[in-house]
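Enquirer: query35.csv (CSV, C-alpha atoms) pasted underneath:
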```
chain,number,residue,atom,x,y,z
F,20,MET,CA,28.9,-77.4,35.5
F,21,THR,CA,26.4,-80.3,35.8
F,22,GLY,CA,22.8,-80.2,34.6
F,23,LEU,CA,20.7,-81.1,31.6
F,24,ARG,CA,21.6,-80.2,28.0
F,25,TYR,CA,19.6,-77.4,26.4
F,26,VAL,CA,20.0,-77.5,22.6
F,27,TYR,CA,19.6,-74.3,20.5
F,28,ALA,CA,20.5,-75.4,17.0
F,29,VAL,CA,22.3,-77.8,14.8
F,30,CYS,CA,24.8,-76.4,12.2
F,31,ARG,CA,28.0,-77.0,10.2
F,32,PRO,CA,31.4,-76.1,11.7
F,33,LEU,CA,31.4,-72.3,12.3
F,34,GLY,CA,33.2,-70.0,10.0
F,35,ALA,CA,34.1,-67.7,13.0
F,36,PRO,CA,33.9,-68.1,16.7
F,37,LEU,CA,30.9,-67.0,18.7
F,38,GLN,CA,31.2,-63.8,20.7
F,39,ALA,CA,33.2,-64.4,23.8
F,40,ASP,CA,30.6,-62.9,26.2
F,41,LEU,CA,27.6,-64.7,24.8
F,42,SER,CA,25.2,-65.9,27.5
F,43,GLY,CA,22.6,-68.6,27.0
F,44,VAL,CA,19.5,-69.8,28.8
F,45,ALA,CA,19.9,-69.9,32.6
F,46,GLY,CA,23.0,-67.7,32.1
F,47,ASP,CA,25.3,-70.5,30.9
F,48,PRO,CA,27.5,-69.8,27.8
F,49,PRO,CA,26.7,-72.0,24.8
F,50,ARG,CA,29.3,-74.6,23.7
F,51,LEU,CA,29.7,-76.7,20.6
F,52,LEU,CA,29.1,-80.5,20.7
F,53,THR,CA,30.5,-82.2,17.5
F,54,HIS,CA,29.1,-85.4,16.0
F,55,HIS,CA,29.9,-86.7,12.6
F,56,GLY,CA,30.9,-83.3,11.3
F,57,LEU,CA,27.7,-81.6,12.6
F,58,ILE,CA,27.6,-79.4,15.6
F,59,ALA,CA,24.9,-79.1,18.3
F,60,VAL,CA,25.0,-75.8,20.1
F,61,VAL,CA,24.2,-76.6,23.7
F,62,SER,CA,24.4,-75.2,27.3
F,63,HIS,CA,23.8,-76.6,30.7
F,64,VAL,CA,20.5,-75.9,32.4
F,65,PRO,CA,19.3,-76.9,35.9
F,66,GLU,CA,17.0,-79.9,36.4
F,67,ARG,CA,15.0,-77.9,38.9
F,68,ASP,CA,13.7,-75.8,36.0
F,69,PHE,CA,14.0,-78.0,32.9
F,70,ALA,CA,13.2,-81.6,33.9
F,71,GLN,CA,9.8,-82.6,32.6
F,72,GLU,CA,7.6,-81.8,35.6
F,73,PRO,CA,9.2,-78.5,36.6
F,74,LEU,CA,9.3,-77.4,33.0
F,75,ARG,CA,5.6,-77.8,32.6
F,76,ALA,CA,5.1,-75.5,35.5
F,77,ARG,CA,7.7,-73.0,34.4
F,78,LEU,CA,6.1,-72.7,30.9
F,79,ALA,CA,3.0,-71.4,32.6
F,80,ASP,CA,5.0,-68.5,33.9
F,81,LEU,CA,4.9,-65.8,31.3
F,82,ASP,CA,7.9,-63.8,32.7
F,83,TRP,CA,10.1,-66.9,32.8
F,84,ARG,CA,9.0,-68.1,29.4
F,85,THR,CA,9.8,-64.6,27.9
F,86,GLU,CA,13.2,-64.5,29.6
F,87,THR,CA,14.0,-68.0,28.3
F,88,ALA,CA,12.8,-67.2,24.8
F,89,ARG,CA,14.9,-64.0,24.7
F,90,ALA,CA,18.1,-65.9,25.8
F,91,HIS,CA,17.4,-68.7,23.3
F,92,GLN,CA,17.0,-66.1,20.5
F,93,GLN,CA,20.1,-64.3,21.5
F,94,VAL,CA,22.1,-67.5,20.9
F,95,ILE,CA,20.3,-68.1,17.5
F,96,ASP,CA,21.1,-64.5,16.4
F,97,ALA,CA,24.7,-64.9,17.3
F,98,LEU,CA,24.9,-68.2,15.3
F,99,THR,CA,23.2,-66.5,12.3
F,100,ALA,CA,26.0,-64.0,12.2
F,101,VAL,CA,28.6,-66.6,11.7
F,102,THR,CA,26.9,-69.6,10.1
F,103,THR,CA,23.6,-71.0,8.9
F,104,PRO,CA,21.9,-72.6,11.9
F,105,LEU,CA,19.0,-75.0,12.0
F,106,PRO,CA,17.1,-73.7,15.0
F,107,LEU,CA,15.4,-76.2,17.3
F,108,ARG,CA,12.3,-75.6,19.4
F,109,PRO,CA,12.9,-73.6,22.5
F,110,ALA,CA,13.2,-75.8,25.6
F,111,THR,CA,14.6,-78.8,23.6
F,112,VAL,CA,16.4,-80.5,26.5
F,113,PHE,CA,18.3,-83.8,26.9
F,114,GLN,CA,19.7,-85.6,29.9
F,115,ASP,CA,23.3,-85.4,28.9
F,116,ASP,CA,25.7,-85.2,25.9
F,117,SER,CA,25.0,-88.8,24.9
F,118,GLY,CA,21.3,-88.0,24.5
F,119,VAL,CA,22.2,-85.1,22.3
F,120,ARG,CA,24.4,-87.3,20.1
F,121,VAL,CA,21.7,-90.0,19.9
F,122,MET,CA,19.3,-87.3,18.6
F,123,MET,CA,21.8,-86.1,16.0
F,124,GLU,CA,22.5,-89.7,14.9
F,125,GLU,CA,18.8,-90.3,14.4
F,126,ARG,CA,18.2,-87.1,12.5
F,127,GLU,CA,21.5,-86.8,10.8
F,128,ASP,CA,20.3,-87.2,7.2
F,129,ASP,CA,17.4,-84.8,7.8
F,130,PHE,CA,19.7,-82.2,9.4
F,131,ARG,CA,22.2,-82.5,6.5
F,132,ASP,CA,19.6,-82.1,3.8
F,133,THR,CA,18.0,-79.1,5.5
F,134,LEU,CA,21.4,-77.4,6.2
F,135,ASP,CA,22.3,-77.9,2.5
F,136,ARG,CA,19.1,-76.3,1.4
F,137,LEU,CA,19.5,-73.3,3.8
F,138,ALA,CA,23.3,-72.8,3.4
F,139,GLY,CA,24.3,-69.2,2.9
F,140,ARG,CA,20.7,-68.0,3.3
F,141,VAL,CA,18.8,-65.9,5.9
F,142,GLU,CA,15.1,-65.1,6.4
F,143,TRP,CA,13.6,-61.7,6.0
F,144,GLY,CA,10.1,-60.8,7.1
F,145,VAL,CA,7.9,-58.3,5.3
F,146,LYS,CA,4.5,-57.0,6.3
F,147,VAL,CA,2.2,-54.5,4.5
F,148,SER,CA,-0.7,-52.8,6.1
F,149,TYR,CA,-2.7,-49.5,5.8
F,150,ALA,CA,-4.5,-47.3,8.2
F,151,GLU,CA,-8.3,-47.4,8.1
F,152,THR,CA,-10.3,-44.3,8.7
F,153,GLU,CA,-13.9,-43.9,9.7
F,154,THR,CA,-14.5,-40.8,7.6
F,155,VAL,CA,-14.4,-42.5,4.1
F,156,THR,CA,-17.4,-43.9,2.3
F,157,ALA,CA,-17.9,-47.6,1.6
F,158,THR,CA,-16.8,-47.1,-2.0
F,159,GLU,CA,-13.6,-45.2,-0.9
F,160,ALA,CA,-12.8,-47.9,1.6
F,161,TRP,CA,-13.1,-50.6,-1.1
F,162,GLU,CA,-10.8,-48.6,-3.4
F,163,VAL,CA,-8.2,-48.2,-0.7
F,164,GLU,CA,-8.4,-52.0,0.0
F,165,GLN,CA,-7.9,-52.8,-3.7
F,166,ARG,CA,-5.0,-50.4,-4.0
F,167,ALA,CA,-3.4,-52.0,-1.0
F,168,ALA,CA,-3.9,-55.5,-2.4
F,169,ARG,CA,-2.3,-54.5,-5.7
F,170,PHE,CA,0.6,-52.8,-4.0
F,171,ALA,CA,1.2,-55.9,-1.8
F,172,GLU,CA,1.1,-58.2,-4.8
F,173,ARG,CA,3.5,-56.1,-6.8
F,174,LEU,CA,6.0,-55.9,-3.9
F,175,HIS,CA,5.7,-59.6,-3.2
F,176,THR,CA,6.4,-60.4,-6.9
F,177,ARG,CA,9.5,-58.2,-6.8
F,178,LEU,CA,10.8,-59.7,-3.6
F,179,VAL,CA,10.2,-63.3,-4.8
F,180,ALA,CA,12.5,-62.6,-7.8
F,181,HIS,CA,15.3,-61.8,-5.3
F,182,ALA,CA,14.6,-64.8,-3.0
F,183,ASP,CA,15.2,-68.5,-3.2
F,184,ASP,CA,11.9,-69.3,-1.5
F,185,ALA,CA,8.9,-67.5,0.0
F,186,CYS,CA,6.3,-68.3,2.6
F,187,LEU,CA,3.0,-66.4,2.7
F,188,ARG,CA,1.5,-66.4,6.2
F,189,PRO,CA,-2.1,-65.5,7.1
F,190,PRO,CA,-2.2,-61.8,7.9
F,191,PRO,CA,-2.4,-61.2,11.7
F,192,PRO,CA,-5.8,-60.3,13.2
F,193,GLN,CA,-7.1,-57.0,11.9
F,194,SER,CA,-7.5,-54.0,14.3
F,195,ALA,CA,-10.0,-51.2,14.1
F,196,GLN,CA,-7.2,-48.8,13.0
F,197,GLU,CA,-5.1,-51.0,10.7
F,198,ARG,CA,-5.7,-53.5,8.0
F,199,ASN,CA,-3.0,-56.1,7.1
F,200,VAL,CA,-2.6,-57.2,3.5
F,201,LEU,CA,0.7,-59.1,3.4
F,202,ASP,CA,2.7,-61.1,6.0
F,203,ALA,CA,5.5,-63.0,4.2
F,204,ALA,CA,8.9,-64.6,4.9
F,205,TYR,CA,11.6,-64.7,2.3
F,206,LEU,CA,14.6,-67.0,2.1
F,207,VAL,CA,17.4,-64.8,0.7
F,208,PRO,CA,21.0,-65.5,-0.1
F,209,ARG,CA,23.2,-63.4,2.2
F,210,ALA,CA,24.9,-62.0,-0.9
F,211,SER,CA,21.6,-60.7,-2.2
F,212,SER,CA,20.3,-59.3,1.2
F,213,GLU,CA,21.5,-55.7,0.6
F,214,GLU,CA,19.6,-55.5,-2.7
F,215,PHE,CA,16.5,-57.2,-1.1
F,216,VAL,CA,16.5,-54.6,1.7
F,217,GLU,CA,16.9,-51.8,-0.9
F,218,ILE,CA,13.7,-53.0,-2.7
F,219,VAL,CA,11.8,-52.9,0.5
F,220,ASP,CA,13.2,-49.4,1.4
F,221,ARG,CA,12.1,-48.0,-1.9
F,222,ALA,CA,8.6,-49.6,-1.5
F,223,MET,CA,8.2,-47.7,1.8
F,224,GLU,CA,8.0,-44.5,-0.2
F,225,GLU,CA,6.2,-45.8,-3.2
F,226,GLU,CA,2.5,-45.8,-2.2
F,227,ALA,CA,1.0,-43.2,0.0
F,228,GLY,CA,-0.8,-44.6,3.1
F,229,MET,CA,0.9,-48.0,2.9
F,230,ARG,CA,3.0,-49.2,5.9
F,231,VAL,CA,5.8,-51.6,5.0
F,232,GLU,CA,7.6,-53.3,7.9
F,233,LEU,CA,10.9,-55.2,7.4
F,234,THR,CA,12.4,-57.6,10.0
F,235,GLY,CA,15.5,-59.7,9.9
F,236,PRO,CA,17.9,-61.1,9.1
F,237,TRP,CA,16.7,-64.2,11.0
F,238,ALA,CA,17.6,-67.8,11.0
F,239,ALA,CA,15.3,-69.5,8.5
F,240,TYR,CA,12.6,-70.5,10.9
F,241,SER,CA,9.8,-70.4,8.2
F,242,PHE,CA,11.7,-72.7,5.9
F,243,VAL,CA,12.5,-75.5,8.3
F,244,GLU,CA,10.3,-78.6,8.1
F,245,SER,CA,8.7,-79.5,11.4
F,246,ALA,CA,10.2,-83.0,11.1
F,247,SER,CA,13.6,-81.4,11.4
F,248,PHE,CA,13.0,-80.2,14.9
F,249,ALA,CA,14.3,-82.4,17.6
F,250,GLU,CA,11.9,-83.7,20.3
F,251,PRO,CA,13.1,-83.4,23.9
F,252,VAL,CA,13.6,-86.8,25.6
F,253,VAL,CA,13.8,-85.7,29.2
```
Represent the supplied structure as structure tokens.
Expert:
Amino acid sequence: MTGLRYVYAVCRPLGAPLQADLSGVAGDPPRLLTHHGLIAVVSHVPERDFAQEPLRARLADLDWRTETARAHQQVIDALTAVTTPLPLRPATVFQDDSGVRVMMEEREDDFRDTLDRLAGRVEWGVKVSYAETETVTATEAWEVEQRAARFAERLHTRLVAHADDACLRPPPPQSAQERNVLDAAYLVPRASSEEFVEIVDRAMEEEAGMRVELTGPWAAYSFVESASFAEPVV
């Protein structure tokens, strides 16, 4: 199949094969392109959608962008199950295999350093929020806010002790019904993930009125330096 090369991630050699029926962006199965012991996970995509000019127009189409992002994430999730991938930006596209290899050559040291730092680790996301009611007094609302902040701080401290790194993100916009007090990502060794999840599960029952949301395991998006991302050259 001809076309441009869409790059999902860079990784070390896989410990197990990808699932046989895995489909990537534009329906093309991902394949492995090896260069100096590193692997770029790529698939073919049509120029009519992914060359520079048509891609700009396509990115304005919410449905197309959502479908592409879903297919991209599907490949990253499959990789995360068998290795530690360094995910690249969605819609990272090159003219051909040679272009991908040039990118890997230029970023080789950066890729190796990042993969060494992330090896054997996955990302978990944790959010803490609480429902806000209109029937409480200003003093009661302040007390709930303080209780939520203390709970979030205690939980974060416990989770940090079971993670190799953590990233606190600004809480998402507040709504009239819900107040967000923690939005964090944690870089956790795979071997410690079960214990990490158990801590979060226990916390869900620990403090009345607090909502604890756990997501993952993900590829370590929050712990990849922006310089590690490849820039498309098409």
Enquirer: What is the CA of Ala90 in chain F-CA of Gln38 in chain F distance in Å, reported with one decimal?
Expert: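 Between CA of Ala90 in chain F and CA of Gln38 in chain F the gap works out to 14.2 Å.
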Enquirer: Quote the spacing between CA of Pro208 in chain F and CA of Thr103 in chain F in Å to one decimal place.
Expert: 10.9 Å
Enquirer: List the residues sitting within 12 Å of (16.0, -62.8, 6.7) in the file's frame, using only C-alpha atoms, as a PyMOL selection string.
Expert: chain F and resi 96+99-100+103+137+139-145+178+182-186+203-213+215-216+233-242
Enquirer: Just the selected residues (C-alpha atoms), exported as a PDB file, in the coordinates of the input, please.
Expert:
```pdb
ATOM      1  CA  ASP F  96      21.100 -64.500  16.400  1.00  0.00           C
ATOM      2  CA  THR F  99      23.200 -66.500  12.300  1.00  0.00           C
ATOM      3  CA  ALA F 100      26.000 -64.000  12.200  1.00  0.00           C
ATOM      4  CA  THR F 103      23.600 -71.000   8.900  1.00  0.00           C
ATOM      5  CA  LEU F 137      19.500 -73.300   3.800  1.00  0.00           C
ATOM      6  CA  GLY F 139      24.300 -69.200   2.900  1.00  0.00           C
ATOM      7  CA  ARG F 140      20.700 -68.000   3.300  1.00  0.00           C
ATOM      8  CA  VAL F 141      18.800 -65.900   5.900  1.00  0.00           C
ATOM      9  CA  GLU F 142      15.100 -65.100   6.400  1.00  0.00           C
ATOM     10  CA  TRP F 143      13.600 -61.700   6.000  1.00  0.00           C
ATOM     11  CA  GLY F 144      10.100 -60.800   7.100  1.00  0.00           C
ATOM     12  CA  VAL F 145       7.900 -58.300   5.300  1.00  0.00           C
ATOM     13  CA  LEU F 178      10.800 -59.700  -3.600  1.00  0.00           C
ATOM     14  CA  ALA F 182      14.600 -64.800  -3.000  1.00  0.00           C
ATOM     15  CA  ASP F 183      15.200 -68.500  -3.200  1.00  0.00           C
ATOM     16  CA  ASP F 184      11.900 -69.300  -1.500  1.00  0.00           C
ATOM     17  CA  ALA F 185       8.900 -67.500   0.000  1.00  0.00           C
ATOM     18  CA  CYS F 186       6.300 -68.300   2.600  1.00  0.00           C
ATOM     19  CA  ALA F 203       5.500 -63.000   4.200  1.00  0.00           C
ATOM     20  CA  ALA F 204       8.900 -64.600   4.900  1.00  0.00           C
ATOM     21  CA  TYR F 205      11.600 -64.700   2.300  1.00  0.00           C
ATOM     22  CA  LEU F 206      14.600 -67.000   2.100  1.00  0.00           C
ATOM     23  CA  VAL F 207      17.400 -64.800   0.700  1.00  0.00           C
ATOM     24  CA  PRO F 208      21.000 -65.500  -0.100  1.00  0.00           C
ATOM     25  CA  ARG F 209      23.200 -63.400   2.200  1.00  0.00           C
ATOM     26  CA  ALA F 210      24.900 -62.000  -0.900  1.00  0.00           C
ATOM     27  CA  SER F 211      21.600 -60.700  -2.200  1.00  0.00           C
ATOM     28  CA  SER F 212      20.300 -59.300   1.200  1.00  0.00           C
ATOM     29  CA  GLU F 213      21.500 -55.700   0.600  1.00  0.00           C
ATOM     30  CA  PHE F 215      16.500 -57.200  -1.100  1.00  0.00           C
ATOM     31  CA  VAL F 216      16.500 -54.600   1.700  1.00  0.00           C
ATOM     32  CA  LEU F 233      10.900 -55.200   7.400  1.00  0.00           C
ATOM     33  CA  THR F 234      12.400 -57.600  10.000  1.00  0.00           C
ATOM     34  CA  GLY F 235      15.500 -59.700   9.900  1.00  0.00           C
ATOM     35  CA  PRO F 236      17.900 -61.100   9.100  1.00  0.00           C
ATOM     36  CA  TRP F 237      16.700 -64.200  11.000  1.00  0.00           C
ATOM     37  CA  ALA F 238      17.600 -67.800  11.000  1.00  0.00           C
ATOM     38  CA  ALA F 239      15.300 -69.500   8.500  1.00  0.00           C
ATOM     39  CA  TYR F 240      12.600 -70.500  10.900  1.00  0.00           C
ATOM     40  CA  SER F 241       9.800 -70.400   8.200  1.00  0.00           C
ATOM     41  CA  PHE F 242      11.700 -72.700   5.900  1.00  0.00           C
TER      42      PHE F 242
END
```
Enquirer: Distance CA of Arg120 in chain F-CA of His55 in chain F, one decimal place?
Expert: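 One can read the CA of Arg120 in chain F to CA of His55 in chain F distance as 9.3 Å.
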Enquirer: Using all atoms listed in the file, which protein or nucleic acid residues come within 7 Å of Val26 in chain F? Drop anything in the same chain fewer than 6 positions from it, and give the result as a PDB file with C-alpha atoms, keeping the file's coordinate frame.
Expert:
```pdb
ATOM      1  CA  ALA F  59      24.900 -79.100  18.300  1.00  0.00           C
ATOM      2  CA  VAL F  60      25.000 -75.800  20.100  1.00  0.00           C
ATOM      3  CA  VAL F  61      24.200 -76.600  23.700  1.00  0.00           C
ATOM      4  CA  SER F  62      24.400 -75.200  27.300  1.00  0.00           C
ATOM      5  CA  THR F 111      14.600 -78.800  23.600  1.00  0.00           C
ATOM      6  CA  VAL F 112      16.400 -80.500  26.500  1.00  0.00           C
TER       7      VAL F 112
END
```
Enquirer: Write out as an MDAnalysis selection string which residues come within 7 Å of range 169-172 of chain F when counting all atoms listed in the file, dropping same-chain ones fewer than 4 positions away.
Expert: chainID F and resid 147 165 176 200:201
Enquirer: Write the residues you've just listed into a file as a PDB file, keeping the file's coordinate frame, and include C-alpha atoms for each of them.
Expert:
```pdb
ATOM      1  CA  VAL F 147       2.200 -54.500   4.500  1.00  0.00           C
ATOM      2  CA  GLN F 165      -7.900 -52.800  -3.700  1.00  0.00           C
ATOM      3  CA  THR F 176       6.400 -60.400  -6.900  1.00  0.00           C
ATOM      4  CA  VAL F 200      -2.600 -57.200   3.500  1.00  0.00           C
ATOM      5  CA  LEU F 201       0.700 -59.100   3.400  1.00  0.00           C
TER       6      LEU F 201
END
```
Enquirer: Is there a way to get, as a PyMOL selection string, all residues within 9 Å of the point (23.3, -84.6, 29.0) in file coordinates, counting all atoms listed in the file?
Expert: chain F and resi 21-25+63+112-119
Enquirer: Please provide the set of residues having any atom within 12 Å of Arg166 in chain F, restricted to all atoms listed in the file, with same-chain residues fewer than 5 positions apart removed, written as a ChimeraX atom specification.
Expert: /F:147-149,159-161,171-173,200,226-229
Enquirer: I want to know what sits within 12 Å of range 123-127 of chain F, based on only C-alpha atoms, with residues of the same chain fewer than 5 positions away left out; could you give that as a ChimeraX atom specification?
Expert: /F:26,28-31,52-60,107,113,116-118,132-134,246-250
Enquirer: Can you work out which one of F:Leu51, F:Leu41, F:Leu81, F:Met122 has the shortest atom-to-atom distance to Ala97 in chain F, counting only C-alpha atoms?
Expert: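 When distances to Ala97 in chain F are compared using only C-alpha atoms, the smallest one comes from F:Leu41.
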Enquirer: Find the residues near Ala150 in chain F: any atom within 10 Å, counting only C-alpha atoms, skip ones fewer than 4 places away on the same chain, and give them as a PyMOL selection string.
Expert: chain F and resi 163+194-199+228-230
Enquirer: Kindly list the centre and edge lengths in Å, rounded to one decimal, for the axis-aligned box that covers all listed atoms of range 62-72 of chain F plus 3 Å on each of its six sides, as AutoDock Vina command-line options.
Expert:
```
--center_x 16.0 --center_y -78.9 --center_z 33.1 --size_x 22.8 --size_y 13.4 --size_z 17.6
```
Enquirer: Where atoms are missing, can you supply N, CA and C atoms for range 227-242 of chain F and output the lot as a PDB file, keeping the file's coordinate frame?
Expert:
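After the write, out.pdb holds the following:
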```pdb
ATOM      1  N   ALA F 227       1.478 -43.968  -1.109  1.00  0.00           N
ATOM      2  CA  ALA F 227       1.000 -43.200   0.000  1.00  0.00           C
ATOM      3  C   ALA F 227       0.009 -43.991   0.861  1.00  0.00           C
ATOM      4  N   GLY F 228       0.163 -43.926   2.157  1.00  0.00           N
ATOM      5  CA  GLY F 228      -0.800 -44.600   3.100  1.00  0.00           C
ATOM      6  C   GLY F 228      -0.480 -46.022   3.370  1.00  0.00           C
ATOM      7  N   MET F 229       0.529 -46.600   2.696  1.00  0.00           N
ATOM      8  CA  MET F 229       0.900 -48.000   2.900  1.00  0.00           C
ATOM      9  C   MET F 229       2.025 -48.064   3.960  1.00  0.00           C
ATOM     10  N   ARG F 230       1.920 -48.959   4.895  1.00  0.00           N
ATOM     11  CA  ARG F 230       3.000 -49.200   5.900  1.00  0.00           C
ATOM     12  C   ARG F 230       3.691 -50.477   5.567  1.00  0.00           C
ATOM     13  N   VAL F 231       4.997 -50.395   5.328  1.00  0.00           N
ATOM     14  CA  VAL F 231       5.800 -51.600   5.000  1.00  0.00           C
ATOM     15  C   VAL F 231       6.792 -51.797   6.150  1.00  0.00           C
ATOM     16  N   GLU F 232       6.769 -52.988   6.727  1.00  0.00           N
ATOM     17  CA  GLU F 232       7.600 -53.300   7.900  1.00  0.00           C
ATOM     18  C   GLU F 232       8.580 -54.450   7.468  1.00  0.00           C
ATOM     19  N   LEU F 233       9.878 -54.224   7.672  1.00  0.00           N
ATOM     20  CA  LEU F 233      10.900 -55.200   7.400  1.00  0.00           C
ATOM     21  C   LEU F 233      11.540 -55.698   8.656  1.00  0.00           C
ATOM     22  N   THR F 234      11.687 -57.008   8.819  1.00  0.00           N
ATOM     23  CA  THR F 234      12.400 -57.600  10.000  1.00  0.00           C
ATOM     24  C   THR F 234      13.409 -58.593   9.499  1.00  0.00           C
ATOM     25  N   GLY F 235      14.496 -58.723  10.248  1.00  0.00           N
ATOM     26  CA  GLY F 235      15.500 -59.700   9.900  1.00  0.00           C
ATOM     27  C   GLY F 235      16.893 -58.993   9.911  1.00  0.00           C
ATOM     28  N   PRO F 236      17.914 -59.725   9.516  1.00  0.00           N
ATOM     29  CA  PRO F 236      17.900 -61.100   9.100  1.00  0.00           C
ATOM     30  C   PRO F 236      17.747 -62.096  10.228  1.00  0.00           C
ATOM     31  N   TRP F 237      16.968 -63.146   9.985  1.00  0.00           N
ATOM     32  CA  TRP F 237      16.700 -64.200  11.000  1.00  0.00           C
ATOM     33  C   TRP F 237      17.313 -65.509  10.500  1.00  0.00           C
ATOM     34  N   ALA F 238      17.461 -66.425  11.441  1.00  0.00           N
ATOM     35  CA  ALA F 238      17.600 -67.800  11.000  1.00  0.00           C
ATOM     36  C   ALA F 238      16.334 -68.220  10.297  1.00  0.00           C
ATOM     37  N   ALA F 239      16.442 -69.220   9.426  1.00  0.00           N
ATOM     38  CA  ALA F 239      15.300 -69.500   8.500  1.00  0.00           C
ATOM     39  C   ALA F 239      14.240 -70.356   9.148  1.00  0.00           C
ATOM     40  N   TYR F 240      13.613 -69.808  10.173  1.00  0.00           N
ATOM     41  CA  TYR F 240      12.600 -70.500  10.900  1.00  0.00           C
ATOM     42  C   TYR F 240      11.426 -70.982   9.971  1.00  0.00           C
ATOM     43  N   SER F 241      11.007 -70.117   9.068  1.00  0.00           N
ATOM     44  CA  SER F 241       9.800 -70.400   8.200  1.00  0.00           C
ATOM     45  C   SER F 241      10.095 -71.437   7.165  1.00  0.00           C
ATOM     46  N   PHE F 242      11.350 -71.835   6.993  1.00  0.00           N
ATOM     47  CA  PHE F 242      11.700 -72.700   5.900  1.00  0.00           C
ATOM     48  C   PHE F 242      12.308 -74.033   6.437  1.00  0.00           C
TER      49      PHE F 242
END
```
